[in-house]
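Colleague: Quick one: structure below, then a few questions.
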Amino acid sequence: MTPSDREAQRSVNQPGNASDRGAQRSVNQPGNETPKIRLRSLRKSFGAKRVLDGVDLDVRANHSMVLLGGSGSGKSVTIKCILGLITPDEGLIEIDGQDVSKLSRRDRTEMRDRIGMLFQNGALFDSLPVWENVCFKLLAQKRITRAAARDKAAEVLAQVGLAASVGDLSPSELSGGMQKRVALARAVAAQPDIIFFDEPTTGLDPIMGAVIDGLIVDCVQRLGATALSITHDMASARRIGDDAAMIHKGQIIWTGAAGALGNTGNAMVDQFARGEREGPIQMELRR
Ligand SMILES: Nc1ncnc2c1ncn2[C@@H]1O[C@H](COP(=O)(O)OP(=O)(O)OP(=O)(O)O)[C@@H](O)[C@H]1O
Ligand SMILES: [Mg+2]
């Protein structure tokens with residue numbers, strides 16, 4: 001399904017927002033909706049190394065954004081700051097218009113409970129069987145019995161193309177691609193409101209990658225979730241993204257429609273999206 005097909009489908013499903021979504025406006029343009037996630041002047045250094053140097057980003061509610069950028073440019077750090085796993089040195093993080101630093105501990109925990117995360121390295125719990133990994137959050141929140149969790153795990157594993165019997169294995173018994181799919185199943189099992197996918201298709205074969213992309217689109221459409229995904233795969237970025245943003249030297253240098261990637265008119269973004277050796281980014285690396 002192309003992004004414009006998806007926009008059209010959304011317009012049918014959610015007529016109230018049709019004109020905004022159909023327009024695929026740049027996220028930098030002013031809009032009336034409160035962004036699901038709003039970052040302003042986010043800064044983070046590790047020792048002398050400044051990784052985030054004033055990140056400004058709006059992620060629209062019920063939309064899917066892809067975040068692009070070179071290796072080590074701060075994509076994972078950005079997501080970890082929003083999740084609260086890394087504390088930024090400066091800057092504002094708002095979710096649903098609320099400054100997360102001003103929330104009570106309880107409200108912050110509640111907010112985090114609504115977020116699903118696929119970590120870049122999977123980060124499965126080796127001490128637990130796959131089915132408990134998949135339903136970890138539901139079990140921890142006592143939203144489900146252990147018997148129901150087994151059934152739920154089988155259902156979600158099927159969505160990522162894995163047999164129910166995989167649920168009884170340990171994560172160490174799985175191939176890398178299977179671990180990735182289990183991590184994805186865990187990210188979506190509790191039907192989160194916001195989902196972060198850090199390189200969801202890296203290490204998967206192209207067909208499984210497309211299946212996973214379909215699942216991400218489905219989460220955003222069917223669950224009405226807001227997704228922020230990091231990917232180096234441009235075909236995937238165009239498939240899953242409504243919007244796209246590129247981070248470079250600790251700042252967001254471009255935001256726009258994911259469908260425009262490779263043809264944005266921004267030399268750095270287009271070079272990155274087309275994977276060209278020659279261009280402004282390489283010249284900087286040579287210095
Ligand atoms: N906990 C940490 N302590 C020290 N440095 C860190 C920490 N986390 C990240 N960094 C550094 O911050 C920089 C950005 O890391 P990050 O993981 O965000 O990169 P990335 O854009 O996700 O790259 P990739 O595409 O390779 O995953 C890197 O130089 C990394 O070494
Ligand atoms: Mg990363």
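FYI, nothing fancy with the structure tokens labels: chains A, B, ... in order, residues from 1 per chain, ligands from 1 as they appear.
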If we count only C-alpha atoms and set the cut-off at 12 Å, which residues sit around Pro206 of chain A, ignoring sequence neighbours fewer than 3 positions away in its own chain? Please answer as a count of residues only.

Modeller: 12

Colleague: Which polymer residues have any atom within 9 Å of an atom of Gly224 of chain A, counting only C-alpha atoms, with same-chain residues fewer than 6 positions away left out, as a list in words?

Modeller: Ala61, Asn62, His63, Asp193 and Asp218 of chain A

Colleague: Taking only C-alpha atoms and all ligand atoms into account, report as a PyMOL selection string which residues have an atom no farther than 10 Å from an atom of ligand 2.

Modeller: chain A and resi 69-80+119-121+198-199+230-231

Colleague: One number please: atom CA of Leu92 of chain A to atom 26 (O, counted along the ligand's line) of ligand 1, in Å, one decimal.

Modeller: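 Here the two named atoms are 24.4 Å from each other.
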
Colleague: Name the residues in contact with Arg146 of chain A at a cut-off of 12 Å, using only C-alpha atoms, excluding same-chain residues fewer than 3 positions from it; report them as JSON, numbers by chain.

Modeller: {"A": [131, 132, 134, 135, 136, 137, 138, 139, 140, 141, 142, 143, 149, 150, 151, 152, 153]}

Colleague: Extract the full set of alpha helix (DSSP H) residues from segment 68-266 of chain A according to DSSP on the backbone, and format it as a ChimeraX atom specification.

Modeller: /A:75-83,105-113,130-134,136-140,146-159,176-189,206-222,234-240

Colleague: Can you pull out the residues contacting Leu57 of chain A? Cut-off 10 Å, using only C-alpha atoms, and skip same-chain residues under 2 positions away; I want them as a VMD selection string.

Modeller: chain A and resid 27 to 28 35 37 to 42 54 to 55 59 to 60 93 245 247 251 to 252 254 to 255

Colleague: Using only C-alpha atoms, which protein or nucleic acid residues come within 10 Å of Leu157 of chain A? Drop anything in the same chain fewer than 6 positions from it, and give the result as a PyMOL selection string.

Modeller: chain A and resi 130-131+134+151+163-167+181-186+189

Colleague: I need the residues from that last selection saved to file as a CSV table (one decimal), in the first residue's frame (with N, CA and C atoms), if you can.

Modeller:
```
chain,number,residue,atom,x,y,z
A,130,VAL,N,9.8,-17.3,25.8
A,130,VAL,CA,9.3,-16.3,24.8
A,130,VAL,C,7.9,-15.8,25.2
A,131,TRP,N,7.0,-16.7,25.6
A,131,TRP,CA,5.6,-16.2,25.8
A,131,TRP,C,5.6,-15.2,27.0
A,134,VAL,N,6.8,-11.9,25.7
A,134,VAL,CA,5.8,-11.2,24.8
A,134,VAL,C,4.7,-10.5,25.7
A,151,ASP,N,-2.2,-17.7,25.8
A,151,ASP,CA,-3.0,-17.6,24.6
A,151,ASP,C,-2.7,-16.3,23.8
A,163,ALA,N,5.3,-19.6,15.1
A,163,ALA,CA,4.3,-20.6,15.6
A,163,ALA,C,4.2,-20.5,17.1
A,164,ALA,N,3.0,-21.0,17.6
A,164,ALA,CA,2.8,-20.9,19.1
A,164,ALA,C,3.8,-21.6,19.9
A,165,SER,N,4.4,-22.7,19.3
A,165,SER,CA,5.4,-23.5,20.0
A,165,SER,C,6.7,-22.7,20.3
A,166,VAL,N,6.9,-21.6,19.5
A,166,VAL,CA,8.1,-20.8,19.8
A,166,VAL,C,8.0,-20.1,21.2
A,167,GLY,N,6.7,-20.0,21.6
A,167,GLY,CA,6.5,-19.4,23.0
A,167,GLY,C,7.2,-20.1,24.1
A,181,ARG,N,11.5,-10.6,15.8
A,181,ARG,CA,10.1,-10.7,15.7
A,181,ARG,C,9.4,-10.9,17.1
A,182,VAL,N,10.1,-11.6,18.0
A,182,VAL,CA,9.6,-11.7,19.3
A,182,VAL,C,9.6,-10.3,20.0
A,183,ALA,N,10.7,-9.6,19.8
A,183,ALA,CA,10.8,-8.3,20.4
A,183,ALA,C,9.7,-7.4,19.9
A,184,LEU,N,9.4,-7.5,18.6
A,184,LEU,CA,8.3,-6.7,18.0
A,184,LEU,C,6.9,-7.2,18.6
A,185,ALA,N,6.7,-8.5,18.8
A,185,ALA,CA,5.5,-9.0,19.4
A,185,ALA,C,5.4,-8.4,20.8
A,186,ARG,N,6.5,-8.3,21.5
A,186,ARG,CA,6.4,-7.8,22.9
A,186,ARG,C,6.1,-6.3,22.9
A,189,ALA,N,2.2,-6.1,22.1
A,189,ALA,CA,1.2,-7.0,22.8
A,189,ALA,C,0.2,-6.3,23.7
```

Colleague: Can you tell me which residues surround Gly262 of chain A at a distance of at most 9 Å, considering only C-alpha atoms, apart from same-chain residues fewer than 6 positions away, and format the answer as a list in words?

Modeller: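 Residues near the query, excluding close chain neighbours: Met234, Val269, Asp270, Gln271, Phe272, Ala273 and Arg274 of chain A.
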